[in-house]
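Novice: Have a peek at final-v3.txt (compact mmCIF, C-alpha atoms and all ligand atoms).
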```txt
# COMPACT_ATOMS: atom_id res chain seq x y z
CA MET A 1 68.99 -94.43 11.37
CA VAL A 2 66.19 -92.78 9.42
CA GLY A 3 63.68 -94.42 11.77
CA LEU A 4 65.60 -93.26 14.80
CA GLU A 5 65.74 -89.75 13.38
CA ARG A 6 61.94 -89.78 12.91
CA GLN A 7 61.33 -91.05 16.43
CA MET A 8 63.61 -88.40 17.87
CA GLN A 9 61.88 -85.67 15.88
CA ALA A 10 58.49 -86.92 17.09
CA HIS A 11 59.71 -86.46 20.66
CA ASN A 12 61.19 -83.11 19.78
CA LEU A 13 64.72 -84.41 20.31
CA SER A 14 67.67 -83.82 18.04
CA LEU A 15 70.45 -86.14 16.98
CA PHE A 16 72.73 -83.16 17.39
CA PRO A 17 73.38 -81.34 20.67
CA ARG A 18 71.80 -77.87 20.82
CA PRO A 19 74.33 -75.14 21.46
CA ASP A 20 73.82 -73.40 24.78
CA ILE A 21 75.05 -69.87 24.13
CA GLY A 22 75.48 -67.48 27.04
CA ASP A 23 75.31 -63.71 26.59
CA CYS A 24 77.32 -62.76 29.69
CA PHE A 25 80.61 -64.36 30.52
CA SER A 26 80.53 -67.40 32.79
CA GLU A 27 83.28 -70.00 33.18
CA GLU A 28 80.59 -72.68 33.42
CA ARG A 29 79.68 -72.21 29.77
CA ARG A 30 81.26 -73.60 26.63
CA ILE A 31 80.06 -70.79 24.35
CA VAL A 32 79.71 -67.12 25.25
CA LEU A 33 78.57 -64.62 22.64
CA HIS A 34 77.91 -61.05 23.66
CA GLU A 35 76.25 -58.31 21.64
CA GLY A 36 77.63 -54.94 22.70
CA ASP A 37 80.78 -52.94 23.18
CA THR A 38 83.83 -55.08 23.67
CA CYS A 39 85.31 -53.05 26.54
CA ASP A 40 82.11 -53.50 28.56
CA PHE A 41 82.12 -57.22 27.83
CA LEU A 42 85.80 -57.76 28.64
CA ARG A 43 85.48 -56.12 32.06
CA ASN A 44 83.51 -59.19 33.21
CA VAL A 45 85.97 -61.77 31.89
CA PRO A 46 88.32 -63.12 34.59
CA ASP A 47 92.11 -62.58 34.68
CA ASN A 48 94.36 -65.21 33.07
CA LEU A 49 91.46 -67.02 31.39
CA ALA A 50 92.16 -67.26 27.67
CA THR A 51 94.86 -69.43 26.17
CA LEU A 52 94.26 -67.82 22.78
CA ILE A 53 92.99 -64.35 22.03
CA ILE A 54 92.68 -64.00 18.28
CA THR A 55 91.08 -61.14 16.47
CA SER A 56 90.99 -58.83 13.55
CA PRO A 57 90.15 -55.46 15.15
CA PRO A 58 88.46 -52.64 13.24
CA TYR A 59 91.20 -51.14 10.99
CA ASN A 60 89.81 -47.60 10.92
CA ILE A 61 89.38 -47.75 7.15
CA GLY A 62 85.75 -46.71 7.08
CA LYS A 63 84.08 -50.13 6.82
CA GLU A 64 80.36 -50.11 7.43
CA TYR A 65 80.85 -51.01 11.13
CA GLU A 66 83.35 -48.24 11.99
CA SER A 67 83.75 -44.48 11.77
CA LYS A 68 87.10 -43.36 10.41
CA THR A 69 89.24 -41.10 12.58
CA SER A 70 92.93 -40.07 12.76
CA ILE A 71 95.41 -42.88 13.30
CA GLY A 72 96.40 -41.43 16.69
CA ALA A 73 92.80 -41.27 17.93
CA TYR A 74 92.11 -44.76 16.57
CA LEU A 75 95.07 -46.30 18.40
CA LEU A 76 94.22 -44.47 21.63
CA ARG A 77 90.74 -46.02 21.45
CA GLN A 78 92.27 -49.49 21.23
CA GLU A 79 94.51 -49.14 24.29
CA PRO A 80 91.88 -49.80 26.99
CA VAL A 81 90.75 -52.88 25.03
CA ILE A 82 94.36 -54.12 24.83
CA ASP A 83 94.83 -53.56 28.58
CA GLU A 84 91.82 -55.79 29.24
CA LEU A 85 93.09 -58.43 26.82
CA VAL A 86 96.53 -58.58 28.42
CA ARG A 87 94.84 -59.03 31.79
CA ILE A 88 92.66 -61.84 30.43
CA LEU A 89 95.47 -63.68 28.61
CA SER A 90 96.74 -66.72 30.54
CA ALA A 91 100.43 -67.08 31.44
CA GLU A 92 100.97 -69.74 28.76
CA GLY A 93 98.63 -67.96 26.36
CA SER A 94 98.98 -66.34 22.94
CA LEU A 95 97.49 -63.24 21.40
CA CYS A 96 97.14 -63.08 17.61
CA TRP A 97 96.36 -59.62 16.22
CA GLN A 98 95.51 -59.60 12.53
CA VAL A 99 95.72 -56.24 10.75
CA GLY A 100 96.38 -54.61 7.40
CA ASN A 101 97.19 -51.02 6.51
CA TYR A 102 95.50 -47.77 7.34
CA VAL A 103 95.69 -45.35 4.41
CA GLU A 104 95.37 -41.54 4.75
CA ASN A 105 95.82 -39.15 1.83
CA SER A 106 97.44 -42.00 -0.11
CA GLU A 107 100.01 -42.51 2.66
CA VAL A 108 100.21 -46.05 4.04
CA TYR A 109 100.43 -46.68 7.79
CA PRO A 110 101.24 -50.35 8.49
CA LEU A 111 99.06 -50.96 11.54
CA ASP A 112 101.15 -53.82 12.90
CA VAL A 113 104.12 -51.46 13.29
CA PHE A 114 102.02 -49.17 15.48
CA TYR A 115 100.47 -52.03 17.40
CA TYR A 116 103.86 -53.65 18.07
CA ASP A 117 104.89 -50.82 20.40
CA ILE A 118 101.58 -50.94 22.23
CA PHE A 119 101.88 -54.67 22.95
CA LYS A 120 105.59 -54.48 23.70
CA SER A 121 104.99 -51.74 26.27
CA ARG A 122 102.66 -54.23 27.99
CA LYS A 123 105.51 -56.77 28.15
CA LEU A 124 104.16 -59.18 25.54
CA LYS A 125 106.76 -61.02 23.47
CA LEU A 126 106.52 -61.31 19.72
CA ARG A 127 106.95 -64.89 18.46
CA ASN A 128 106.09 -64.42 14.80
CA ARG A 129 104.97 -61.74 12.44
CA ILE A 130 102.95 -63.91 10.11
CA ILE A 131 102.39 -62.71 6.58
CA TRP A 132 98.98 -63.65 5.24
CA HIS A 133 99.52 -63.33 1.52
CA PHE A 134 96.70 -62.62 -0.90
CA GLY A 135 96.99 -63.53 -4.53
CA HIS A 136 94.40 -60.97 -5.60
CA GLY A 137 92.78 -57.76 -4.46
CA LEU A 138 92.32 -54.12 -5.36
CA HIS A 139 94.64 -52.75 -8.02
CA ALA A 140 96.55 -49.62 -6.93
CA SER A 141 97.60 -47.05 -9.53
CA LYS A 142 100.01 -44.85 -7.53
CA ARG A 143 101.84 -47.57 -5.58
CA PHE A 144 102.27 -51.32 -5.78
CA SER A 145 99.06 -53.21 -5.10
CA GLY A 146 98.83 -54.43 -1.49
CA ARG A 147 98.79 -58.21 -1.30
CA TYR A 148 99.27 -59.14 2.32
CA GLU A 149 98.15 -58.52 5.84
CA THR A 150 99.92 -59.55 9.01
CA ILE A 151 99.19 -61.48 12.16
CA LEU A 152 101.28 -60.45 15.15
CA TRP A 153 101.60 -63.47 17.41
CA PHE A 154 102.57 -62.49 20.95
CA THR A 155 102.90 -64.56 24.11
CA LYS A 156 102.67 -63.43 27.70
CA SER A 157 105.65 -65.47 28.88
CA ASP A 158 108.40 -67.75 27.60
CA LYS A 159 106.44 -70.81 28.66
CA TYR A 160 103.70 -70.92 26.07
CA THR A 161 101.66 -73.63 24.36
CA PHE A 162 102.98 -74.50 20.90
CA ASN A 163 101.82 -77.74 19.30
CA LEU A 164 103.85 -77.69 16.11
CA ASP A 165 103.08 -81.31 15.22
CA ASP A 166 99.35 -80.51 15.08
CA VAL A 167 99.83 -78.02 12.25
CA ARG A 168 102.65 -79.46 10.17
CA VAL A 169 102.03 -79.40 6.43
CA ALA A 170 103.05 -81.82 3.72
CA SER A 171 106.68 -81.48 2.81
CA LYS A 172 107.48 -80.69 -0.82
CA TYR A 173 110.43 -83.09 -0.88
CA PRO A 174 109.81 -85.78 1.77
CA GLY A 175 112.41 -87.97 0.08
CA LYS A 176 115.27 -85.58 0.91
CA ARG A 177 118.13 -87.19 2.86
CA HIS A 178 121.07 -85.94 4.94
CA TYR A 179 124.07 -85.84 2.67
CA LYS A 180 126.78 -85.71 5.38
CA GLY A 181 127.42 -86.30 9.07
CA SER A 182 126.29 -89.19 11.25
CA ASN A 183 122.77 -89.12 9.72
CA ARG A 184 124.08 -89.36 6.17
CA GLY A 185 121.61 -91.24 3.99
CA LYS A 186 118.73 -90.99 6.50
CA PRO A 187 115.59 -88.96 5.68
CA SER A 188 116.20 -85.35 6.73
CA GLY A 189 112.58 -84.26 7.08
CA ASN A 190 109.89 -85.00 9.64
CA PRO A 191 107.46 -87.82 8.85
CA LEU A 192 104.62 -85.57 10.12
CA GLY A 193 105.48 -82.88 7.57
CA LYS A 194 107.22 -79.53 7.74
CA ASN A 195 106.75 -76.38 9.79
CA PRO A 196 104.17 -74.23 7.93
CA SER A 197 106.48 -71.16 8.21
CA ASP A 198 105.43 -67.56 8.81
CA ILE A 199 104.05 -66.94 5.33
CA TRP A 200 100.51 -68.20 4.99
CA GLU A 201 99.15 -68.06 1.51
CA PHE A 202 97.30 -71.31 1.21
CA LEU A 203 94.01 -69.87 2.28
CA ALA A 204 94.04 -66.35 1.07
CA GLU A 205 94.62 -67.05 -2.56
CA GLU A 206 91.71 -69.36 -2.87
CA TRP A 207 89.56 -67.21 -0.63
CA GLU A 208 90.08 -64.21 -2.86
CA ARG A 209 89.91 -66.12 -6.10
CA GLU A 210 86.61 -67.68 -5.23
CA LEU A 211 85.17 -64.46 -3.91
CA TRP A 212 86.17 -62.11 -6.63
CA ASP A 213 87.80 -63.73 -9.58
CA ILE A 214 85.96 -66.76 -10.76
CA PRO A 215 82.31 -66.12 -10.08
CA ASN A 216 81.39 -68.49 -12.88
CA VAL A 217 83.22 -71.34 -11.11
CA LYS A 218 81.74 -70.60 -7.70
CA ALA A 219 79.64 -67.58 -6.88
CA ASN A 220 80.88 -67.52 -3.29
CA HIS A 221 83.42 -69.10 -1.03
CA PRO A 222 81.49 -71.65 1.04
CA GLU A 223 81.93 -69.61 4.21
CA LYS A 224 81.07 -66.16 2.85
CA THR A 225 78.42 -64.15 4.73
CA ILE A 226 77.39 -60.48 4.55
CA HIS A 227 80.44 -59.49 6.64
CA PRO A 228 82.89 -57.40 4.55
CA CYS A 229 86.06 -58.92 6.02
CA GLN A 230 85.56 -62.17 7.84
CA PHE A 231 88.34 -64.64 8.68
CA PRO A 232 88.50 -67.91 6.80
CA ILE A 233 87.83 -70.46 9.57
CA GLU A 234 90.87 -72.40 8.41
CA LEU A 235 93.20 -69.53 9.27
CA VAL A 236 91.99 -69.54 12.87
CA GLU A 237 92.03 -73.33 13.05
CA ARG A 238 95.79 -73.32 12.52
CA CYS A 239 96.22 -70.93 15.48
CA VAL A 240 93.77 -72.88 17.65
CA LEU A 241 95.54 -76.18 17.02
CA ALA A 242 99.05 -74.78 17.46
CA LEU A 243 98.45 -72.48 20.41
CA THR A 244 95.83 -74.16 22.59
CA ASN A 245 94.82 -77.54 23.95
CA GLU A 246 91.35 -79.08 24.18
CA HIS A 247 88.98 -77.30 26.61
CA ASP A 248 91.11 -74.14 26.68
CA TRP A 249 89.36 -70.80 26.15
CA VAL A 250 89.59 -69.04 22.77
CA LEU A 251 88.45 -65.41 22.80
CA ASP A 252 87.70 -63.05 19.92
CA PRO A 253 86.84 -59.56 21.24
CA TYR A 254 85.72 -58.38 17.77
CA CYS A 255 84.19 -61.61 16.56
CA GLY A 256 82.18 -60.42 13.52
CA VAL A 257 80.32 -63.44 12.17
CA GLY A 258 82.05 -65.80 14.57
CA SER A 259 84.74 -67.47 12.46
CA ALA A 260 87.15 -67.72 15.42
CA LEU A 261 84.43 -69.17 17.63
CA LEU A 262 83.66 -71.83 15.05
CA ALA A 263 87.34 -72.73 14.71
CA GLY A 264 87.49 -73.19 18.47
CA LEU A 265 84.32 -75.26 18.68
CA ILE A 266 85.40 -77.54 15.84
CA HIS A 267 88.48 -78.44 17.90
CA ASN A 268 86.69 -78.81 21.20
CA ARG A 269 87.78 -75.56 22.81
CA LYS A 270 85.60 -73.22 24.90
CA VAL A 271 84.87 -70.01 23.05
CA ALA A 272 83.91 -66.42 23.83
CA GLY A 273 83.22 -63.58 21.42
CA CYS A 274 81.74 -60.11 21.27
CA ASP A 275 80.52 -57.84 18.49
CA ARG A 276 78.36 -54.74 18.64
CA GLU A 277 76.51 -55.37 15.37
CA PRO A 278 73.27 -57.31 15.97
CA ASP A 279 73.26 -58.71 12.41
CA TYR A 280 76.70 -60.26 12.85
CA ILE A 281 75.69 -61.75 16.19
CA GLU A 282 72.63 -63.31 14.56
CA ILE A 283 74.76 -64.80 11.79
CA THR A 284 77.24 -66.12 14.35
CA LYS A 285 74.41 -67.84 16.22
CA ARG A 286 73.12 -69.33 12.98
CA ARG A 287 76.57 -70.59 11.99
CA ILE A 288 77.08 -72.14 15.44
CA GLN A 289 73.70 -73.84 15.11
CA ASP A 290 74.70 -75.05 11.63
CA TYR A 291 77.88 -76.47 13.08
CA PHE A 292 75.97 -78.42 15.71
CA ASP A 293 73.55 -79.61 13.04
CA GLY A 294 76.42 -80.81 10.87
CA ALA A 295 75.49 -78.24 8.23
CA LEU A 296 78.21 -75.58 8.55
CA ARG A 297 79.52 -74.42 5.18
CA LYS A 298 83.27 -74.58 5.53
CA ARG A 299 86.37 -75.02 3.45
CA PRO A 300 88.18 -78.13 4.76
CA LEU A 301 91.39 -77.56 6.74
CA GLY A 302 94.48 -78.17 4.63
CA LYS A 303 92.60 -78.55 1.33
CA PRO A 304 95.22 -77.93 -1.37
CA VAL A 305 95.07 -74.57 -3.09
CA TYR A 306 93.61 -74.62 -6.55
CA VAL A 307 96.32 -74.18 -9.17
CA ALA A 308 95.19 -72.66 -12.46
CA THR A 309 95.78 -74.97 -15.43
CA GLY A 310 95.92 -72.12 -17.94
CA ARG A 311 92.87 -73.51 -19.73
CA GLU A 312 90.33 -71.57 -17.64
CA LYS A 313 88.60 -68.73 -19.48
CA ILE A 314 90.02 -66.18 -17.06
CA SER A 315 93.57 -67.51 -17.63
CA GLN A 316 93.39 -66.65 -21.33
CA ILE A 317 94.78 -63.41 -22.78
CA PRO A 318 91.77 -61.34 -23.86
CA ARG A 319 91.19 -61.44 -27.60
CA GLU A 320 91.27 -57.62 -27.67
CA TRP A 321 94.91 -57.68 -26.45
CA THR A 322 96.26 -60.03 -29.07
CA LYS A 323 97.70 -58.74 -32.33
CA GLU A 324 95.64 -61.10 -34.39
CA LYS A 325 92.58 -59.37 -35.80
CA SER A 326 89.43 -61.34 -35.77
CA GLY A 327 86.08 -60.69 -37.49
CA ASP A 328 84.84 -57.12 -37.90
CA GLU A 329 85.66 -56.04 -34.33
CA TRP A 330 88.99 -54.63 -35.66
C1 LIG A 401 87.47 -56.89 11.08
S1 LIG A 401 85.92 -57.26 11.73
C2 LIG A 401 86.14 -58.86 12.41
C3 LIG A 401 85.64 -59.97 11.53
C4 LIG A 401 85.78 -61.34 12.14
N1 LIG A 401 87.18 -61.70 12.24
C5 LIG A 401 85.02 -62.41 11.33
O1 LIG A 401 85.62 -63.43 10.96
O2 LIG A 401 83.85 -62.22 11.06
C6 LIG A 401 85.82 -56.23 13.14
C7 LIG A 401 84.53 -56.34 13.90
O3 LIG A 401 84.60 -55.53 15.06
C8 LIG A 401 83.29 -55.09 15.37
N2 LIG A 401 83.45 -53.92 16.27
C9 LIG A 401 83.98 -52.70 15.97
N3 LIG A 401 84.04 -51.94 17.09
C10 LIG A 401 83.54 -52.68 18.10
C11 LIG A 401 83.36 -52.45 19.50
N4 LIG A 401 83.69 -51.30 20.08
N5 LIG A 401 82.83 -53.45 20.26
C12 LIG A 401 82.46 -54.63 19.68
N6 LIG A 401 82.62 -54.89 18.37
C13 LIG A 401 83.15 -53.94 17.58
C14 LIG A 401 82.66 -54.80 14.02
O4 LIG A 401 81.26 -54.88 14.06
C15 LIG A 401 83.29 -55.91 13.14
O5 LIG A 401 82.42 -57.00 12.97
```
Using the file provided, produce a representation of the structure as structure tokens.
Ligand SMILES: C[S@@+](CC[C@H](N)C(=O)[O-])C[C@H]1O[C@@H](n2cnc3c(N)ncnc32)[C@H](O)[C@@H]1O

Specialist:
Amino acid sequence: MVGLERQMQAHNLSLFPRPDIGDCFSEERRIVLHEGDTCDFLRNVPDNLATLIITSPPYNIGKEYESKTSIGAYLLRQEPVIDELVRILSAEGSLCWQVGNYVENSEVYPLDVFYYDIFKSRKLKLRNRIIWHFGHGLHASKRFSGRYETILWFTKSDKYTFNLDDVRVASKYPGKRHYKGSNRGKPSGNPLGKNPSDIWEFLAEEWERELWDIPNVKANHPEKTIHPCQFPIELVERCVLALTNEHDWVLDPYCGVGSALLAGLIHNRKVAGCDREPDYIEITKRRIQDYFDGALRKRPLGKPVYVATGREKISQIPREWTKEKSGDEW
């Protein structure tokens, strides 16, 4: 293999296929990545194309890539984008809209509540309001600390792709049996595992913990880039597997550093994304290249969440908080 690798390098060939990334949308391509305004990009994407549209839009919270405005003006700005997305969504397709809260003068506006009406008025049907639970985050002092965001999963029709078996998770009690009826004594679960439910915490806790809480264990989550709020690839993978089939199109209109595109590529889907920040586009290209080179840094799908043993330094009650006095610090 090493010899083959050398020979291929000598002939300027690679063992890995080079990604062919198109800037403008074309159905002939497998990967489309556009730098620019999403509305301009979407205008050139055909009707009924995407089986999955998944995104985390700007939240209007003053991140480095957005200018904060009133909630009304922010939502009005999103409407033309949403009209394009509904047009592009295929009849059996799904749209997953991941948002948190917008906060103004300490008042919380749950963005999914506002977005629900916008999608509903365009005849989309809500299938789940998924809670993405975070174990850690900023500590509020005048309200309870926010620890979740939501993903609104809508479909365009009642006949939508849903591959539950592809995303089942290990059951906690696989040995459970029916205790009455004709199936009495038979296993009551599914040998492929259980439905993952609409509360997703497996990723977020570890994501946050590794990013913020245990820098001495791991300075960064393996996927972390300069983007302030990127998706864990694993979160999108679950949607890709459940809501699309191979070779379907996955579209992220605000793709940031390309996490949704990577999730699609990993599972042999065609992918399209757009972002107006050149740095994020560059990182997306690099990550796609890394994927094709077999070098993408990624947390494995379904890896169990780390459970603290209580022995870690950060699990210990600080010495300063204990009654016991030690040395001359007291
Ligand atoms: C919440 S982030 C998405 C992050 C992404 N999910 C990831 O995993 O990297 C929103 C993104 O929308 C982009 N954006 C904001 N307004 C845009 C617009 N009008 N057109 C294209 N991209 C835009 C920002 O640059 C930012 O990267």

Novice: As a quick test: using only C-alpha atoms and all ligand atoms, which residues lie no more than 7 Å away from ligand LIG 401 (chain A)? Give them as a PyMOL selection string.

Specialist: chain A and resi 36-39+55-59+65-66+227+229-232+253-260+274-277+280

Novice: Might you pull out every residue within 9 Å of Leu192 of chain A, with only C-alpha atoms counted and same-chain residues fewer than 6 positions away left off, and present them as a short mmCIF file (atom, residue, chain, number, x, y, z; two decimals) with C-alpha atoms, keeping the file's coordinate frame?

Specialist:
```cif
data_model
loop_
_atom_site.label_atom_id
_atom_site.label_comp_id
_atom_site.auth_asym_id
_atom_site.auth_seq_id
_atom_site.Cartn_x
_atom_site.Cartn_y
_atom_site.Cartn_z
CA ASP A 165 103.08 -81.31 15.22
CA ASP A 166 99.35 -80.51 15.08
CA ARG A 168 102.65 -79.46 10.17
CA VAL A 169 102.03 -79.40 6.43
CA ALA A 170 103.05 -81.82 3.72
CA SER A 171 106.68 -81.48 2.81
#
```

Novice: Quote the spacing between atom CA of Asn268 of chain A and atom CA of Leu164 of chain A in Å to one decimal place.

Specialist: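 Pair atom CA of Asn268 of chain A / atom CA of Leu164 of chain A returns 17.9 Å.
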
Novice: Using all atoms listed in the file, pick whichever of A:Ile130, A:Asp290, A:Gly100, A:Lys176 has the shortest atom-to-atom distance to Pro191 of chain A.

Specialist: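 Looking only at the distances to Pro191 of chain A, the closest residue turns out to be A:Lys176.
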
Novice: Which one is closest to Ala263 of chain A: A:Arg287, A:Lys68, A:Arg129, A:Lys123? Count all atoms listed in the file.

Specialist: A:Arg287

Novice: Nearest to Val236 of chain A: which of A:Glu35, A:Asp252, A:Glu92, A:Glu320 is it, counting all atoms listed in the file?

Specialist: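 The shortest atom-to-atom distance to Val236 of chain A comes from A:Asp252.
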